[in-house]
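The next block is query25.cif, given as mmCIF, C-alpha atoms.
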```
data_entry
loop_
_atom_site.group_PDB
_atom_site.id
_atom_site.type_symbol
_atom_site.label_atom_id
_atom_site.label_comp_id
_atom_site.auth_asym_id
_atom_site.auth_seq_id
_atom_site.Cartn_x
_atom_site.Cartn_y
_atom_site.Cartn_z
ATOM 1 C CA MET A 1 -62.807 99.230 -18.706
ATOM 2 C CA PRO A 2 -63.854 100.437 -15.270
ATOM 3 C CA SER A 3 -66.639 98.668 -13.450
ATOM 4 C CA TYR A 4 -69.822 100.470 -12.688
ATOM 5 C CA ALA A 5 -70.966 98.060 -9.965
ATOM 6 C CA ILE A 6 -71.892 94.509 -9.092
ATOM 7 C CA LYS A 7 -74.843 92.978 -7.272
ATOM 8 C CA LYS A 8 -74.857 91.044 -3.990
ATOM 9 C CA ASN A 9 -74.886 87.738 -5.870
ATOM 10 C CA LEU A 10 -71.601 88.792 -7.527
ATOM 11 C CA GLU A 11 -73.206 89.416 -10.902
ATOM 12 C CA PRO A 12 -72.656 92.635 -12.862
ATOM 13 C CA THR A 13 -75.439 95.211 -12.719
ATOM 14 C CA ARG A 14 -77.141 96.155 -15.997
ATOM 15 C CA PRO A 15 -74.799 99.122 -16.571
ATOM 16 C CA THR A 16 -71.716 96.967 -16.025
ATOM 17 C CA ARG A 17 -73.214 94.120 -18.077
ATOM 18 C CA ALA A 18 -73.807 96.572 -20.949
ATOM 19 C CA GLU A 19 -70.147 97.640 -20.778
ATOM 20 C CA LEU A 20 -69.027 93.995 -20.733
ATOM 21 C CA THR A 21 -71.225 93.095 -23.697
ATOM 22 C CA MET A 22 -69.807 96.016 -25.667
ATOM 23 C CA ALA A 23 -66.218 95.153 -24.686
ATOM 24 C CA ALA A 24 -66.765 91.516 -25.731
ATOM 25 C CA ALA A 25 -68.226 92.613 -29.073
ATOM 26 C CA TRP A 26 -65.257 94.944 -29.586
ATOM 27 C CA TRP A 27 -62.839 92.132 -28.686
ATOM 28 C CA HIS A 28 -64.538 89.742 -31.130
ATOM 29 C CA ARG A 29 -63.847 92.322 -33.862
ATOM 30 C CA PHE A 30 -60.216 92.647 -32.717
ATOM 31 C CA PRO A 31 -59.289 89.322 -31.045
ATOM 32 C CA GLU A 32 -55.591 90.188 -30.888
ATOM 33 C CA ALA A 33 -56.480 92.961 -28.434
ATOM 34 C CA ALA A 34 -56.406 92.652 -24.671
ATOM 35 C CA VAL A 35 -59.294 93.698 -22.437
ATOM 36 C CA ILE A 36 -58.365 95.333 -19.139
ATOM 37 C CA VAL A 37 -61.053 95.155 -16.468
ATOM 38 C CA SER A 38 -60.564 97.469 -13.546
ATOM 39 C CA THR A 39 -61.843 98.012 -10.011
ATOM 40 C CA GLY A 40 -60.998 96.473 -6.691
ATOM 41 C CA ASP A 41 -63.382 95.362 -3.961
ATOM 42 C CA ASN A 42 -64.876 98.831 -3.539
ATOM 43 C CA GLN A 43 -68.229 97.347 -2.476
ATOM 44 C CA SER A 44 -66.847 95.157 0.355
ATOM 45 C CA LEU A 45 -68.106 91.909 -1.183
ATOM 46 C CA GLY A 46 -64.898 89.925 -0.704
ATOM 47 C CA VAL A 47 -64.097 89.844 -4.427
ATOM 48 C CA THR A 48 -62.822 92.479 -6.816
ATOM 49 C CA ASN A 49 -65.139 93.882 -9.422
ATOM 50 C CA ALA A 50 -62.350 93.104 -11.899
ATOM 51 C CA ALA A 51 -62.594 89.372 -11.081
ATOM 52 C CA VAL A 52 -66.372 89.400 -11.560
ATOM 53 C CA MET A 53 -66.007 91.250 -14.858
ATOM 54 C CA ALA A 54 -63.256 88.903 -16.073
ATOM 55 C CA ALA A 55 -65.475 85.872 -15.414
ATOM 56 C CA SER A 56 -68.351 87.560 -17.256
ATOM 57 C CA LEU A 57 -66.145 88.389 -20.247
ATOM 58 C CA ALA A 58 -65.007 84.761 -20.410
ATOM 59 C CA GLU A 59 -68.675 83.702 -20.462
ATOM 60 C CA LEU A 60 -69.133 86.114 -23.389
ATOM 61 C CA GLY A 61 -66.386 84.328 -25.317
ATOM 62 C CA VAL A 62 -63.353 86.516 -24.597
ATOM 63 C CA ARG A 63 -60.276 84.304 -24.199
ATOM 64 C CA ARG A 64 -58.975 84.348 -20.618
ATOM 65 C CA ASP A 65 -55.430 84.963 -21.832
ATOM 66 C CA ARG A 66 -56.653 88.231 -23.390
ATOM 67 C CA ILE A 67 -58.226 89.527 -20.141
ATOM 68 C CA ILE A 68 -56.102 91.556 -17.736
ATOM 69 C CA GLU A 69 -57.485 92.159 -14.236
ATOM 70 C CA GLU A 70 -56.591 95.376 -12.435
ATOM 71 C CA GLY A 71 -58.081 94.832 -8.994
ATOM 72 C CA HIS A 72 -56.608 97.653 -6.909
ATOM 73 C CA SER A 73 -58.540 100.738 -8.050
ATOM 74 C CA ARG A 74 -61.192 102.275 -5.827
ATOM 75 C CA ASN A 75 -62.423 105.103 -8.038
ATOM 76 C CA THR A 76 -62.461 106.346 -11.619
ATOM 77 C CA TYR A 77 -59.199 108.260 -11.356
ATOM 78 C CA GLU A 78 -57.373 105.196 -10.025
ATOM 79 C CA ASN A 79 -59.061 102.979 -12.657
ATOM 80 C CA LEU A 80 -57.751 105.144 -15.462
ATOM 81 C CA ARG A 81 -54.308 105.740 -13.932
ATOM 82 C CA ASN A 82 -53.739 102.031 -13.265
ATOM 83 C CA CYS A 83 -55.076 100.946 -16.654
ATOM 84 C CA PHE A 84 -52.923 103.543 -18.398
ATOM 85 C CA ALA A 85 -49.859 102.134 -16.601
ATOM 86 C CA ILE A 86 -50.761 98.665 -17.922
ATOM 87 C CA VAL A 87 -51.286 100.037 -21.441
ATOM 88 C CA GLN A 88 -47.889 101.779 -21.364
ATOM 89 C CA ALA A 89 -46.008 98.829 -19.840
ATOM 90 C CA ALA A 90 -47.448 96.402 -22.392
ATOM 91 C CA GLY A 91 -46.964 98.811 -25.281
ATOM 92 C CA PHE A 92 -50.589 98.539 -26.365
ATOM 93 C CA ALA A 93 -51.479 100.770 -29.269
ATOM 94 C CA GLN A 94 -54.713 102.694 -29.586
ATOM 95 C CA PRO A 95 -56.445 101.913 -26.271
ATOM 96 C CA THR A 96 -60.234 102.099 -26.371
ATOM 97 C CA LEU A 97 -62.123 103.019 -23.232
ATOM 98 C CA VAL A 98 -65.460 101.226 -22.797
ATOM 99 C CA THR A 99 -67.884 103.008 -20.464
ATOM 100 C CA HIS A 100 -71.548 103.463 -19.629
ATOM 101 C CA ASP A 101 -72.993 106.378 -21.602
ATOM 102 C CA LEU A 102 -73.796 108.475 -18.522
ATOM 103 C CA TYR A 103 -70.231 107.936 -17.246
ATOM 104 C CA THR A 104 -68.365 108.558 -20.494
ATOM 105 C CA ARG A 105 -68.005 112.337 -20.262
ATOM 106 C CA ARG A 106 -66.288 112.192 -16.862
ATOM 107 C CA ALA A 107 -64.092 109.184 -17.707
ATOM 108 C CA VAL A 108 -62.917 110.667 -21.008
ATOM 109 C CA ALA A 109 -62.226 114.059 -19.391
ATOM 110 C CA ILE A 110 -60.078 112.422 -16.696
ATOM 111 C CA ALA A 111 -58.227 110.259 -19.240
ATOM 112 C CA ARG A 112 -57.519 113.258 -21.461
ATOM 113 C CA LYS A 113 -56.111 115.223 -18.536
ATOM 114 C CA MET A 114 -53.708 112.376 -17.591
ATOM 115 C CA PRO A 115 -53.082 112.495 -20.719
ATOM 116 C CA TRP A 116 -53.882 109.283 -22.552
ATOM 117 C CA PRO A 117 -52.501 109.605 -26.092
ATOM 118 C CA ASP A 118 -54.712 108.713 -29.048
ATOM 119 C CA LEU A 119 -57.723 108.084 -26.800
ATOM 120 C CA HIS A 120 -60.729 106.315 -28.281
ATOM 121 C CA TRP A 121 -63.913 105.362 -26.494
ATOM 122 C CA VAL A 122 -67.230 103.612 -26.946
ATOM 123 C CA SER A 123 -70.280 103.984 -24.736
ATOM 124 C CA ALA A 124 -72.782 101.332 -23.693
ATOM 125 C CA VAL A 125 -76.381 102.237 -22.854
ATOM 126 C CA SER A 126 -78.551 100.469 -20.308
ATOM 127 C CA LYS A 127 -81.186 100.917 -17.663
ATOM 128 C CA GLY A 128 -80.039 101.131 -14.087
ATOM 129 C CA GLU A 129 -80.209 98.333 -11.546
ATOM 130 C CA PRO A 130 -79.511 98.365 -7.809
ATOM 131 C CA ALA A 131 -76.017 97.251 -6.842
ATOM 132 C CA ALA A 132 -74.703 95.868 -3.576
ATOM 133 C CA GLY A 133 -73.847 98.080 -0.635
ATOM 134 C CA TRP A 134 -73.550 101.836 -0.849
ATOM 135 C CA LYS A 135 -73.795 101.722 -4.648
ATOM 136 C CA PHE A 136 -77.461 100.666 -4.367
ATOM 137 C CA ILE A 137 -78.761 104.185 -5.006
ATOM 138 C CA GLN A 138 -75.982 105.160 -7.433
ATOM 139 C CA THR A 139 -76.926 102.451 -9.932
ATOM 140 C CA HIS A 140 -80.641 102.134 -9.162
ATOM 141 C CA SER A 141 -81.935 103.864 -12.306
ATOM 142 C CA ARG A 142 -80.784 106.092 -15.133
ATOM 143 C CA PRO A 143 -81.833 109.230 -13.207
ATOM 144 C CA THR A 144 -79.848 108.153 -10.123
ATOM 145 C CA ILE A 145 -76.840 107.302 -12.298
ATOM 146 C CA LEU A 146 -77.060 110.755 -13.868
ATOM 147 C CA LEU A 147 -77.332 112.465 -10.477
ATOM 148 C CA TYR A 148 -74.378 110.473 -9.192
ATOM 149 C CA GLU A 149 -72.324 111.429 -12.248
ATOM 150 C CA ILE A 150 -73.080 115.122 -11.731
ATOM 151 C CA GLY A 151 -71.886 114.871 -8.132
ATOM 152 C CA ALA A 152 -68.882 112.744 -9.097
ATOM 153 C CA SER A 153 -67.906 115.275 -11.744
ATOM 154 C CA ALA A 154 -68.009 118.075 -9.181
ATOM 155 C CA TYR A 155 -65.884 115.966 -6.801
ATOM 156 C CA CYS A 156 -63.385 115.175 -9.566
ATOM 157 C CA LYS A 157 -63.172 118.864 -10.454
ATOM 158 C CA MET A 158 -62.429 119.735 -6.808
ATOM 159 C CA ARG A 159 -59.696 117.042 -6.705
ATOM 160 C CA GLY A 160 -58.136 118.464 -9.878
ATOM 161 C CA TRP A 161 -58.811 115.311 -11.883
ATOM 162 C CA LEU A 162 -60.929 117.212 -14.438
#
```
Using structure tokens, write down the structure that the file contains.
Amino acid sequence: MPSYAIKKNLEPTRPTRAELTMAAAWWHRFPEAAVIVSTGDNQSLGVTNAAVMAASLAELGVRRDRIIEEGHSRNTYENLRNCFAIVQAAGFAQPTLVTHDLYTRRAVAIARKMPWPDLHWVSAVSKGEPAAGWKFIQTHSRPTILLYEIGASAYCKMRGWL
């Protein structure tokens, strides 16, 4: 699952927390599954978003040995590409993408174009909350998340990712 953002105190924002809560609930239904958390230090906080998300998942009861951290990605395309490589290398069947509802359309479109086989997804819903650094506006509220996603979709289209 890609990160949406974290706060200055190294806690997930509401959108990311909603994704984590959904991923933990999904894992509790399927405890043999692995949860891949993805995103590097794209907010210049000195820690990867993946590490913050892994710690949060452990607090939500996901076993640490079932959490895989992918801490090199800087954007959605890299998140999905790097996670897909992990899924293929490990031979995981039926990967399920966990995203924020306003982010799902773009993430699924990118994954399908890669192409991820047998793609499944679930979407978490939450209010926005300001994140650290340049992501402050992006995650501030649902309207700013939506505006960001519209712009990000246009950017992804220009890059050929959609």
Practice prompt. Could you tell me how far atom CA of A:Val87 lies from atom CA of A:Glu149, in Å and to one decimal?
Written response: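 For atom CA of A:Val87 relative to atom CA of A:Glu149, the distance reads 25.6 Å.
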Item to complete: Quick one: apply the PyMOL selection byres ((chain A and resi 117) around 10) to the file and drop the selected residues here as a list in words.
Response: Phe84, Ala93, Gln94, Pro95, Ala111, Arg112, Met114, Pro115, Trp116, Asp118, Leu119 and His120 of chain A
Worksheet item: Between A:Leu97, A:Pro2, A:Lys7, A:Arg29, which is the closest to A:Ala131 once you count all atoms listed in the file?
Response: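 Smallest distance to A:Ala131 is found for A:Lys7.
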Worksheet item: Using all atoms listed in the file, which of the listed residues (A:Ser56, A:Thr48, A:Thr16, A:Asn82) sits closest to A:Tyr103?
Response: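 Going through A:Ser56, A:Thr48, A:Thr16, A:Asn82 one by one, the smallest distance to A:Tyr103 is for A:Thr16.
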Worksheet item: Pick the closest to A:Thr76 from A:Thr104, A:Ser123, A:Gln88, A:Thr96: which is it, counting only C-alpha atoms?
Response: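 That would be A:Thr104, the residue with the smallest distance to A:Thr76.
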Fill in: Given all atoms listed in the file as the counted atoms, nearest of A:Val47, A:Ala154, A:Val98, A:Val122 to A:Asn9
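Of the candidates, the smallest distance to A:Asn9 is held by A:Val47.
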Using the incomplete input, complete stretch 17-28 of chain A to the level of all heavy atoms; output as a PDB file, in the frame of the given file.
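Below is the file selection-v8.pdb, written as the result:
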```
ATOM      1  N   ARG A  17     -72.970  95.164 -17.071  1.00  0.00           N
ATOM      2  CA  ARG A  17     -73.214  94.120 -18.077  1.00  0.00           C
ATOM      3  C   ARG A  17     -73.220  94.727 -19.487  1.00  0.00           C
ATOM      4  O   ARG A  17     -72.677  94.141 -20.417  1.00  0.00           O
ATOM      5  CB  ARG A  17     -74.542  93.409 -17.785  1.00  0.00           C
ATOM      6  CG  ARG A  17     -74.995  92.415 -18.835  1.00  0.00           C
ATOM      7  CD  ARG A  17     -74.117  91.223 -18.996  1.00  0.00           C
ATOM      8  NE  ARG A  17     -74.129  90.379 -17.829  1.00  0.00           N
ATOM      9  CZ  ARG A  17     -73.330  89.331 -17.679  1.00  0.00           C
ATOM     10  NH1 ARG A  17     -72.511  88.984 -18.631  1.00  0.00           N
ATOM     11  NH2 ARG A  17     -73.359  88.620 -16.588  1.00  0.00           N
ATOM     12  N   ALA A  18     -73.800  95.907 -19.635  1.00  0.00           N
ATOM     13  CA  ALA A  18     -73.807  96.572 -20.949  1.00  0.00           C
ATOM     14  C   ALA A  18     -72.376  96.887 -21.390  1.00  0.00           C
ATOM     15  O   ALA A  18     -72.028  96.698 -22.561  1.00  0.00           O
ATOM     16  CB  ALA A  18     -74.660  97.844 -20.891  1.00  0.00           C
ATOM     17  N   GLU A  19     -71.546  97.364 -20.462  1.00  0.00           N
ATOM     18  CA  GLU A  19     -70.147  97.640 -20.778  1.00  0.00           C
ATOM     19  C   GLU A  19     -69.423  96.354 -21.178  1.00  0.00           C
ATOM     20  O   GLU A  19     -68.660  96.343 -22.148  1.00  0.00           O
ATOM     21  CB  GLU A  19     -69.435  98.257 -19.571  1.00  0.00           C
ATOM     22  CG  GLU A  19     -69.889  99.640 -19.203  1.00  0.00           C
ATOM     23  CD  GLU A  19     -69.262 100.133 -17.914  1.00  0.00           C
ATOM     24  OE1 GLU A  19     -68.529  99.359 -17.241  1.00  0.00           O
ATOM     25  OE2 GLU A  19     -69.488 101.292 -17.560  1.00  0.00           O
ATOM     26  N   LEU A  20     -69.676  95.277 -20.436  1.00  0.00           N
ATOM     27  CA  LEU A  20     -69.027  93.995 -20.733  1.00  0.00           C
ATOM     28  C   LEU A  20     -69.438  93.456 -22.091  1.00  0.00           C
ATOM     29  O   LEU A  20     -68.606  92.956 -22.853  1.00  0.00           O
ATOM     30  CB  LEU A  20     -69.362  92.976 -19.639  1.00  0.00           C
ATOM     31  CG  LEU A  20     -68.749  93.249 -18.269  1.00  0.00           C
ATOM     32  CD1 LEU A  20     -69.429  92.409 -17.203  1.00  0.00           C
ATOM     33  CD2 LEU A  20     -67.251  93.015 -18.298  1.00  0.00           C
ATOM     34  N   THR A  21     -70.725  93.565 -22.406  1.00  0.00           N
ATOM     35  CA  THR A  21     -71.225  93.095 -23.697  1.00  0.00           C
ATOM     36  C   THR A  21     -70.579  93.879 -24.833  1.00  0.00           C
ATOM     37  O   THR A  21     -70.168  93.303 -25.845  1.00  0.00           O
ATOM     38  CB  THR A  21     -72.764  93.210 -23.738  1.00  0.00           C
ATOM     39  OG1 THR A  21     -73.298  92.410 -22.682  1.00  0.00           O
ATOM     40  CG2 THR A  21     -73.322  92.734 -25.059  1.00  0.00           C
ATOM     41  N   MET A  22     -70.444  95.194 -24.644  1.00  0.00           N
ATOM     42  CA  MET A  22     -69.807  96.016 -25.667  1.00  0.00           C
ATOM     43  C   MET A  22     -68.324  95.674 -25.778  1.00  0.00           C
ATOM     44  O   MET A  22     -67.791  95.562 -26.895  1.00  0.00           O
ATOM     45  CB  MET A  22     -69.987  97.495 -25.368  1.00  0.00           C
ATOM     46  CG  MET A  22     -69.336  98.377 -26.422  1.00  0.00           C
ATOM     47  SD  MET A  22     -69.894 100.069 -26.342  1.00  0.00           S
ATOM     48  CE  MET A  22     -71.483  99.883 -27.127  1.00  0.00           C
ATOM     49  N   ALA A  23     -67.646  95.500 -24.656  1.00  0.00           N
ATOM     50  CA  ALA A  23     -66.218  95.153 -24.686  1.00  0.00           C
ATOM     51  C   ALA A  23     -66.011  93.803 -25.370  1.00  0.00           C
ATOM     52  O   ALA A  23     -65.068  93.632 -26.154  1.00  0.00           O
ATOM     53  CB  ALA A  23     -65.647  95.130 -23.272  1.00  0.00           C
ATOM     54  N   ALA A  24     -66.878  92.839 -25.092  1.00  0.00           N
ATOM     55  CA  ALA A  24     -66.765  91.516 -25.731  1.00  0.00           C
ATOM     56  C   ALA A  24     -66.987  91.637 -27.243  1.00  0.00           C
ATOM     57  O   ALA A  24     -66.252  91.033 -28.032  1.00  0.00           O
ATOM     58  CB  ALA A  24     -67.753  90.544 -25.113  1.00  0.00           C
ATOM     59  N   ALA A  25     -67.968  92.424 -27.639  1.00  0.00           N
ATOM     60  CA  ALA A  25     -68.226  92.613 -29.073  1.00  0.00           C
ATOM     61  C   ALA A  25     -67.024  93.277 -29.735  1.00  0.00           C
ATOM     62  O   ALA A  25     -66.622  92.894 -30.844  1.00  0.00           O
ATOM     63  CB  ALA A  25     -69.486  93.455 -29.277  1.00  0.00           C
ATOM     64  N   TRP A  26     -66.441  94.258 -29.064  1.00  0.00           N
ATOM     65  CA  TRP A  26     -65.257  94.944 -29.586  1.00  0.00           C
ATOM     66  C   TRP A  26     -64.109  93.948 -29.704  1.00  0.00           C
ATOM     67  O   TRP A  26     -63.392  93.926 -30.706  1.00  0.00           O
ATOM     68  CB  TRP A  26     -64.916  96.094 -28.636  1.00  0.00           C
ATOM     69  CG  TRP A  26     -64.058  97.161 -29.230  1.00  0.00           C
ATOM     70  CD1 TRP A  26     -62.741  97.386 -28.963  1.00  0.00           C
ATOM     71  CD2 TRP A  26     -64.442  98.163 -30.166  1.00  0.00           C
ATOM     72  NE1 TRP A  26     -62.283  98.451 -29.671  1.00  0.00           N
ATOM     73  CE2 TRP A  26     -63.308  98.956 -30.426  1.00  0.00           C
ATOM     74  CE3 TRP A  26     -65.632  98.465 -30.819  1.00  0.00           C
ATOM     75  CZ2 TRP A  26     -63.323 100.027 -31.306  1.00  0.00           C
ATOM     76  CZ3 TRP A  26     -65.647  99.532 -31.689  1.00  0.00           C
ATOM     77  CH2 TRP A  26     -64.502 100.298 -31.922  1.00  0.00           C
ATOM     78  N   TRP A  27     -63.911  93.116 -28.670  1.00  0.00           N
ATOM     79  CA  TRP A  27     -62.839  92.132 -28.686  1.00  0.00           C
ATOM     80  C   TRP A  27     -63.051  91.117 -29.818  1.00  0.00           C
ATOM     81  O   TRP A  27     -62.092  90.740 -30.498  1.00  0.00           O
ATOM     82  CB  TRP A  27     -62.737  91.398 -27.344  1.00  0.00           C
ATOM     83  CG  TRP A  27     -61.613  90.407 -27.383  1.00  0.00           C
ATOM     84  CD1 TRP A  27     -60.286  90.664 -27.162  1.00  0.00           C
ATOM     85  CD2 TRP A  27     -61.704  89.026 -27.698  1.00  0.00           C
ATOM     86  NE1 TRP A  27     -59.552  89.514 -27.325  1.00  0.00           N
ATOM     87  CE2 TRP A  27     -60.409  88.490 -27.653  1.00  0.00           C
ATOM     88  CE3 TRP A  27     -62.762  88.178 -28.018  1.00  0.00           C
ATOM     89  CZ2 TRP A  27     -60.128  87.156 -27.913  1.00  0.00           C
ATOM     90  CZ3 TRP A  27     -62.497  86.837 -28.273  1.00  0.00           C
ATOM     91  CH2 TRP A  27     -61.196  86.340 -28.220  1.00  0.00           C
ATOM     92  N   HIS A  28     -64.278  90.694 -30.050  1.00  0.00           N
ATOM     93  CA  HIS A  28     -64.538  89.742 -31.130  1.00  0.00           C
ATOM     94  C   HIS A  28     -64.179  90.345 -32.495  1.00  0.00           C
ATOM     95  O   HIS A  28     -63.811  89.603 -33.415  1.00  0.00           O
ATOM     96  CB  HIS A  28     -65.994  89.251 -31.101  1.00  0.00           C
ATOM     97  CG  HIS A  28     -66.238  88.261 -30.005  1.00  0.00           C
ATOM     98  ND1 HIS A  28     -65.726  86.987 -30.017  1.00  0.00           N
ATOM     99  CD2 HIS A  28     -66.925  88.361 -28.846  1.00  0.00           C
ATOM    100  CE1 HIS A  28     -66.088  86.338 -28.923  1.00  0.00           C
ATOM    101  NE2 HIS A  28     -66.816  87.165 -28.190  1.00  0.00           N
TER     102      HIS A  28
END
```
